[in-house]
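Dropping model-v8.pdb in here (PDB, C-alpha atoms):
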```
ATOM      1  CA  SER H   2     -12.993  13.766  -7.467  1.00  0.00           C
ATOM      2  CA  PHE H   3     -10.620  12.168  -4.918  1.00  0.00           C
ATOM      3  CA  VAL H   4      -8.316  15.188  -4.848  1.00  0.00           C
ATOM      4  CA  ALA H   5     -11.253  17.620  -4.966  1.00  0.00           C
ATOM      5  CA  ALA H   6     -12.768  15.973  -1.866  1.00  0.00           C
ATOM      6  CA  LEU H   7      -9.427  16.159  -0.066  1.00  0.00           C
ATOM      7  CA  ASN H   8      -9.106  19.830  -0.991  1.00  0.00           C
ATOM      8  CA  ARG H   9     -12.626  20.582   0.314  1.00  0.00           C
ATOM      9  CA  MET H  10     -11.627  19.113   3.685  1.00  0.00           C
ATOM     10  CA  GLY H  11      -8.452  21.207   3.780  1.00  0.00           C
ATOM     11  CA  VAL H  12      -6.156  18.202   3.598  1.00  0.00           C
ATOM     12  CA  ALA H  13      -2.607  19.360   4.132  1.00  0.00           C
ATOM     13  CA  ASN H  14      -0.922  16.152   3.070  1.00  0.00           C
ATOM     14  CA  TRP H  15      -1.820  12.731   1.691  1.00  0.00           C
ATOM     15  CA  ASN H  16       0.116   9.843   0.294  1.00  0.00           C
ATOM     16  CA  GLY H  17       0.775   6.163   0.595  1.00  0.00           C
ATOM     17  CA  SER H  18       3.663   3.769   0.623  1.00  0.00           C
ATOM     18  CA  THR H  19       4.246   0.102  -0.019  1.00  0.00           C
ATOM     19  CA  GLY H  20       6.559  -1.859   2.228  1.00  0.00           C
ATOM     20  CA  VAL H  21       7.632  -5.456   2.572  1.00  0.00           C
ATOM     21  CA  GLU H  22       4.899  -6.334   5.075  1.00  0.00           C
ATOM     22  CA  GLY H  23       2.149  -3.830   4.340  1.00  0.00           C
ATOM     23  CA  ILE H  24       0.718  -0.803   2.634  1.00  0.00           C
ATOM     24  CA  LYS H  25       0.155   2.523   4.388  1.00  0.00           C
ATOM     25  CA  TYR H  26      -2.144   5.340   3.345  1.00  0.00           C
ATOM     26  CA  TYR H  27      -2.478   8.589   5.195  1.00  0.00           C
ATOM     27  CA  ILE H  28      -4.185  11.939   5.094  1.00  0.00           C
ATOM     28  CA  THR H  29      -3.510  14.968   7.272  1.00  0.00           C
ATOM     29  CA  ILE H  30      -6.689  16.950   7.929  1.00  0.00           C
ATOM     30  CA  PRO H  31      -7.699  19.781  10.234  1.00  0.00           C
ATOM     31  CA  SER H  32      -8.947  18.349  13.542  1.00  0.00           C
ATOM     32  CA  ASP H  33     -12.386  19.911  13.067  1.00  0.00           C
ATOM     33  CA  LYS H  34     -12.785  17.725   9.937  1.00  0.00           C
ATOM     34  CA  LEU H  35     -12.042  14.421  11.709  1.00  0.00           C
ATOM     35  CA  GLU H  36     -15.433  12.842  11.098  1.00  0.00           C
ATOM     36  CA  GLU H  37     -15.530  13.963   7.478  1.00  0.00           C
ATOM     37  CA  GLY H  38     -12.003  12.648   6.922  1.00  0.00           C
ATOM     38  CA  VAL H  39     -12.676   9.280   8.550  1.00  0.00           C
ATOM     39  CA  GLU H  40     -15.876   8.904   6.531  1.00  0.00           C
ATOM     40  CA  PHE H  41     -14.045   9.803   3.313  1.00  0.00           C
ATOM     41  CA  TRP H  42     -11.269   7.328   4.058  1.00  0.00           C
ATOM     42  CA  SER H  43     -13.737   4.570   4.960  1.00  0.00           C
ATOM     43  CA  TRP H  44     -15.320   4.795   1.516  1.00  0.00           C
ATOM     44  CA  ALA H  45     -11.915   4.923  -0.176  1.00  0.00           C
ATOM     45  CA  VAL H  46     -10.934   1.694   1.585  1.00  0.00           C
ATOM     46  CA  LYS H  47     -14.242  -0.198   1.650  1.00  0.00           C
ATOM     47  CA  SER H  48     -15.432   0.545  -1.875  1.00  0.00           C
ATOM     48  CA  PRO H  49     -12.825   2.332  -3.950  1.00  0.00           C
ATOM     49  CA  LYS H  50     -13.609   3.580  -7.410  1.00  0.00           C
ATOM     50  CA  LEU H  51     -11.474   1.475  -9.691  1.00  0.00           C
ATOM     51  CA  ASP H  52     -11.550   3.164 -13.065  1.00  0.00           C
ATOM     52  CA  PRO H  53      -9.846   1.332 -15.958  1.00  0.00           C
ATOM     53  CA  ALA H  54      -8.564   4.574 -17.540  1.00  0.00           C
ATOM     54  CA  GLU H  55      -7.108   5.799 -14.249  1.00  0.00           C
ATOM     55  CA  LEU H  56      -5.533   2.397 -13.695  1.00  0.00           C
ATOM     56  CA  GLU H  57      -3.715   2.645 -17.023  1.00  0.00           C
ATOM     57  CA  THR H  58      -2.342   6.079 -16.056  1.00  0.00           C
ATOM     58  CA  GLU H  59      -1.315   4.852 -12.603  1.00  0.00           C
ATOM     59  CA  LYS H  60       0.478   1.848 -14.087  1.00  0.00           C
ATOM     60  CA  GLU H  61       2.970   4.192 -15.736  1.00  0.00           C
ATOM     61  CA  VAL H  62       3.513   6.054 -12.462  1.00  0.00           C
ATOM     62  CA  VAL H  63       4.233   2.797 -10.634  1.00  0.00           C
ATOM     63  CA  ILE H  64       6.513   1.504 -13.389  1.00  0.00           C
ATOM     64  CA  ASN H  65       8.529   4.736 -13.217  1.00  0.00           C
ATOM     65  CA  GLU H  66       8.842   4.259  -9.450  1.00  0.00           C
ATOM     66  CA  ILE H  67      10.051   0.684  -9.997  1.00  0.00           C
ATOM     67  CA  ARG H  68      12.634   1.877 -12.509  1.00  0.00           C
ATOM     68  CA  GLY H  69      13.789   4.377  -9.903  1.00  0.00           C
ATOM     69  CA  TYR H  70      14.230   1.547  -7.383  1.00  0.00           C
ATOM     70  CA  HIS H  71      16.277  -0.352  -9.955  1.00  0.00           C
ATOM     71  CA  SER H  72      18.717   2.548 -10.216  1.00  0.00           C
ATOM     72  CA  ASP H  73      19.023   3.119  -6.440  1.00  0.00           C
ATOM     73  CA  PRO H  74      22.221   1.487  -5.069  1.00  0.00           C
ATOM     74  CA  ASP H  75      20.566   0.659  -1.740  1.00  0.00           C
ATOM     75  CA  GLU H  76      17.650  -1.068  -3.491  1.00  0.00           C
ATOM     76  CA  ILE H  77      20.039  -2.930  -5.793  1.00  0.00           C
ATOM     77  CA  MET H  78      21.971  -4.166  -2.756  1.00  0.00           C
ATOM     78  CA  GLN H  79      18.807  -5.182  -0.888  1.00  0.00           C
ATOM     79  CA  ASN H  80      17.437  -7.051  -3.919  1.00  0.00           C
ATOM     80  CA  ALA H  81      20.769  -8.815  -4.463  1.00  0.00           C
ATOM     81  CA  LEU H  82      20.919  -9.878  -0.831  1.00  0.00           C
ATOM     82  CA  GLU H  83      17.318 -11.117  -0.752  1.00  0.00           C
ATOM     83  CA  SER H  84      17.627 -13.007  -4.034  1.00  0.00           C
ATOM     84  CA  ARG H  85      20.545 -14.932  -2.542  1.00  0.00           C
ATOM     85  CA  ALA H  86      19.023 -15.352   0.911  1.00  0.00           C
ATOM     86  CA  TYR H  87      15.674 -16.517  -0.512  1.00  0.00           C
ATOM     87  CA  PRO H  88      16.583 -18.385  -3.708  1.00  0.00           C
ATOM     88  CA  ALA H  89      13.324 -20.389  -3.782  1.00  0.00           C
ATOM     89  CA  ALA H  90      11.273 -17.190  -4.111  1.00  0.00           C
ATOM     90  CA  PRO H  91      13.503 -14.162  -4.621  1.00  0.00           C
ATOM     91  CA  TRP H  92      10.576 -11.790  -5.269  1.00  0.00           C
ATOM     92  CA  ARG H  93       8.704 -12.668  -2.066  1.00  0.00           C
ATOM     93  CA  LYS H  94      10.187  -9.797  -0.077  1.00  0.00           C
ATOM     94  CA  ASN H  95      10.673  -7.453  -3.028  1.00  0.00           C
ATOM     95  CA  ILE H  96       7.987  -4.773  -3.271  1.00  0.00           C
ATOM     96  CA  ASP H  97       8.642  -3.820  -6.882  1.00  0.00           C
ATOM     97  CA  GLY H  98       8.710  -7.136  -8.722  1.00  0.00           C
ATOM     98  CA  PRO H  99       8.756  -7.395 -12.484  1.00  0.00           C
ATOM     99  CA  GLU H 100       7.079  -4.726 -14.631  1.00  0.00           C
ATOM    100  CA  GLU H 101       4.898  -7.409 -16.224  1.00  0.00           C
ATOM    101  CA  ASN H 102       2.999  -7.706 -12.926  1.00  0.00           C
ATOM    102  CA  ILE H 103       2.045  -4.029 -13.124  1.00  0.00           C
ATOM    103  CA  ARG H 104       1.307  -4.081 -16.840  1.00  0.00           C
ATOM    104  CA  GLY H 105      -0.953  -7.122 -16.329  1.00  0.00           C
ATOM    105  CA  ALA H 106      -3.014  -5.479 -13.576  1.00  0.00           C
ATOM    106  CA  THR H 107      -6.724  -5.164 -14.289  1.00  0.00           C
ATOM    107  CA  VAL H 108      -9.624  -3.665 -12.382  1.00  0.00           C
ATOM    108  CA  GLU H 109     -10.910  -7.216 -11.818  1.00  0.00           C
ATOM    109  CA  LYS H 110      -7.570  -8.329 -10.335  1.00  0.00           C
ATOM    110  CA  LEU H 111      -7.456  -5.252  -8.092  1.00  0.00           C
ATOM    111  CA  ARG H 112     -11.003  -5.914  -6.865  1.00  0.00           C
ATOM    112  CA  ALA H 113     -10.078  -9.519  -6.047  1.00  0.00           C
ATOM    113  CA  MET H 114      -6.965  -8.336  -4.214  1.00  0.00           C
ATOM    114  CA  ARG H 115      -8.996  -5.772  -2.268  1.00  0.00           C
ATOM    115  CA  GLU H 116     -11.585  -8.396  -1.292  1.00  0.00           C
ATOM    116  CA  ALA H 117      -8.883 -10.812  -0.117  1.00  0.00           C
ATOM    117  CA  PHE H 118      -6.521  -8.451   1.676  1.00  0.00           C
ATOM    118  CA  TYR H 119      -8.288  -5.141   2.402  1.00  0.00           C
ATOM    119  CA  ILE H 120     -10.415  -6.541   5.182  1.00  0.00           C
ATOM    120  CA  PRO H 121     -10.858  -5.477   8.816  1.00  0.00           C
ATOM    121  CA  ARG H 122      -8.785  -8.298  10.293  1.00  0.00           C
ATOM    122  CA  ASN H 123      -5.890  -7.291   8.049  1.00  0.00           C
ATOM    123  CA  ALA H 124      -6.072  -3.524   8.585  1.00  0.00           C
ATOM    124  CA  ALA H 125      -5.684  -0.834  11.223  1.00  0.00           C
ATOM    125  CA  VAL H 126      -6.851   2.764  11.461  1.00  0.00           C
ATOM    126  CA  PHE H 127      -4.605   5.182  13.339  1.00  0.00           C
ATOM    127  CA  VAL H 128      -5.746   8.648  14.356  1.00  0.00           C
ATOM    128  CA  GLY H 129      -3.430  11.167  15.946  1.00  0.00           C
ATOM    129  CA  GLY H 130      -3.443  14.862  16.634  1.00  0.00           C
ATOM    130  CA  ASP H 131      -5.606  17.402  18.377  1.00  0.00           C
ATOM    131  CA  VAL H 132      -8.653  15.152  18.940  1.00  0.00           C
ATOM    132  CA  SER H 133      -9.847  13.191  21.938  1.00  0.00           C
ATOM    133  CA  ALA H 134      -9.573   9.438  21.954  1.00  0.00           C
ATOM    134  CA  GLU H 135     -13.346   9.201  22.468  1.00  0.00           C
ATOM    135  CA  ARG H 136     -14.037  11.289  19.391  1.00  0.00           C
ATOM    136  CA  ALA H 137     -11.565   9.312  17.285  1.00  0.00           C
ATOM    137  CA  PHE H 138     -12.958   5.937  18.407  1.00  0.00           C
ATOM    138  CA  ALA H 139     -16.525   7.127  17.770  1.00  0.00           C
ATOM    139  CA  ALA H 140     -15.695   8.298  14.235  1.00  0.00           C
ATOM    140  CA  VAL H 141     -13.858   5.096  13.355  1.00  0.00           C
ATOM    141  CA  GLU H 142     -16.661   2.941  14.788  1.00  0.00           C
ATOM    142  CA  ARG H 143     -19.304   4.966  12.961  1.00  0.00           C
ATOM    143  CA  PHE H 144     -17.684   4.790   9.534  1.00  0.00           C
ATOM    144  CA  PHE H 145     -15.686   1.553   9.656  1.00  0.00           C
ATOM    145  CA  GLY H 146     -17.912  -0.424  12.053  1.00  0.00           C
ATOM    146  CA  ASP H 147     -19.984  -1.979   9.263  1.00  0.00           C
ATOM    147  CA  TRP H 148     -16.943  -3.064   7.284  1.00  0.00           C
ATOM    148  CA  ALA H 149     -17.354  -6.767   6.627  1.00  0.00           C
ATOM    149  CA  GLY H 150     -14.569  -8.975   5.524  1.00  0.00           C
ATOM    150  CA  GLY H 151     -13.881 -12.516   4.625  1.00  0.00           C
ATOM    151  CA  PRO H 152     -11.588 -15.085   6.158  1.00  0.00           C
ATOM    152  CA  PRO H 153      -8.001 -14.209   7.011  1.00  0.00           C
ATOM    153  CA  PRO H 154      -5.942 -13.895   3.861  1.00  0.00           C
ATOM    154  CA  VAL H 155      -3.783 -16.831   2.899  1.00  0.00           C
ATOM    155  CA  ILE H 156      -0.306 -15.576   2.280  1.00  0.00           C
ATOM    156  CA  GLY H 157       1.495 -17.916  -0.094  1.00  0.00           C
ATOM    157  CA  GLU H 158       4.917 -17.944   1.458  1.00  0.00           C
ATOM    158  CA  PRO H 159       6.980 -20.680  -0.101  1.00  0.00           C
ATOM    159  CA  PRO H 160       9.194 -22.467   2.406  1.00  0.00           C
ATOM    160  CA  GLN H 161      12.712 -21.139   2.465  1.00  0.00           C
ATOM    161  CA  GLY H 162      15.704 -23.345   3.106  1.00  0.00           C
ATOM    162  CA  PRO H 163      18.828 -22.204   4.848  1.00  0.00           C
ATOM    163  CA  ILE H 164      20.927 -19.479   3.253  1.00  0.00           C
ATOM    164  CA  PRO H 165      23.131 -21.269   0.710  1.00  0.00           C
ATOM    165  CA  ALA H 166      26.733 -21.859   1.712  1.00  0.00           C
ATOM    166  CA  GLY H 167      29.310 -19.661   0.059  1.00  0.00           C
ATOM    167  CA  VAL H 168      26.968 -16.761  -0.649  1.00  0.00           C
ATOM    168  CA  ALA H 169      28.715 -13.420  -0.276  1.00  0.00           C
ATOM    169  CA  LEU H 170      27.711  -9.921  -1.184  1.00  0.00           C
ATOM    170  CA  VAL H 171      30.208  -7.128  -1.678  1.00  0.00           C
ATOM    171  CA  TYR H 172      28.707  -3.657  -1.629  1.00  0.00           C
ATOM    172  CA  PRO H 173      30.933  -0.612  -1.915  1.00  0.00           C
ATOM    173  CA  ASP H 174      29.424   2.332  -0.053  1.00  0.00           C
ATOM    174  CA  ASP H 175      30.963   5.773   0.057  1.00  0.00           C
ATOM    175  CA  ASP H 176      29.166   6.723   3.293  1.00  0.00           C
TER     176      ASP H 176
END
```
Could the structure of this file be written out as structure tokens, please?
Amino acid sequence: SFVAALNRMGVANWNGSTGVEGIKYYITIPSDKLEEGVEFWSWAVKSPKLDPAELETEKEVVINEIRGYHSDPDEIMQNALESRAYPAAPWRKNIDGPEENIRGATVEKLRAMREAFYIPRNAAVFVGGDVSAERAFAAVERFFGDWAGGPPPVIGEPPQGPIPAGVALVYPDDD
């Protein structure tokens, strides 16, 4: 139903990405569908359908992506550097983490994560393209304005000491 709704709006492109400091989702819609697109996205963010069967399918997709990261020389280098620079918590800045984290995901855990982190004070909506600022602000206010959220999320960042002495990383690169 997600893809069908995007197709009905004439969405040209949609995707998401996970980075060290945040998650980005985007859709590219015709400008005459701005309000419909913002409304659609507000429901996807505020009250997503979290289906256990779909979660199981998506787990395999994510695990395959992680395995791809583990075979990418740039990712291997970055992980090696971060594990030496942050020995107290080497996974803190690593977006893939161990496969067990993905395999252990449940709808309940995802709901708890959404309630803690997917809140207005921890999110931003960006609109660009052939629309006026007034129209964009009005659509975002209309469909996201009632979005309630809890307290700011507590990010458990373990204290990091100085980079250990004698740590060196050798990375051959053909470029």
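For the residues H:Ala124, H:Leu56, H:Gly23, H:Ser18, ranking by smallest atom-to-atom distance to H:Thr107 using all atoms listed in the file places H:Leu56 first.
With only C-alpha atoms as the atoms that count, the residue of H:Ala54, H:Ala81, H:Ala166, H:Met10 with the shortest distance to H:Val108 is H:Ala54.
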If we count all atoms listed in the file, what is near H:Pro165 at a cut-off of 9 Å, once residues fewer than 3 positions away on the same chain are taken out, given as a VMD selection string?
chain H and resid 85 to 88 162 168
Do you know which residues the PyMOL selection byres ((chain H and resi 30) around 7) returns on this file, as a PyMOL selection string?
chain H and resi 10-13+28-29+31-32+34+38
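Coordinates place atom CA of H:Ser43 at a distance of 16.4 Å from atom CA of H:Gly129.
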At a cut-off of 12 Å, using all atoms listed in the file, what residues contact H:Phe3? Leave out same-chain residues fewer than 5 positions from it and give the result as a ChimeraX atom specification.
/H:8-10,12,15,28,38,41-42,44-45,49-51,55
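Distance-wise, atom CA of H:Asp97 and atom CA of H:Asn16 end up 17.6 Å apart.
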Take the PyMOL selection byres ((chain H and resi 141-156) around 9), apply it to the structure above, and return the hits as number ranges by chain.
H: 36, 39-44, 47, 116-123, 126, 128, 136-140, 157-158
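For the atom pair formed by atom CA of H:Glu83 and atom CA of H:Asn102, the distance is 19.1 Å, given to one decimal.
For the point (6.2, -3.2, 3.3), the residues with an atom at a distance of at most 12 Å are H:Gly17, H:Ser18, H:Thr19, H:Gly20, H:Val21, H:Glu22, H:Gly23, H:Ile24, H:Lys25, H:Tyr26, H:Arg93, H:Lys94, H:Asn95, H:Ile96, H:Asp97, counting all atoms listed in the file.
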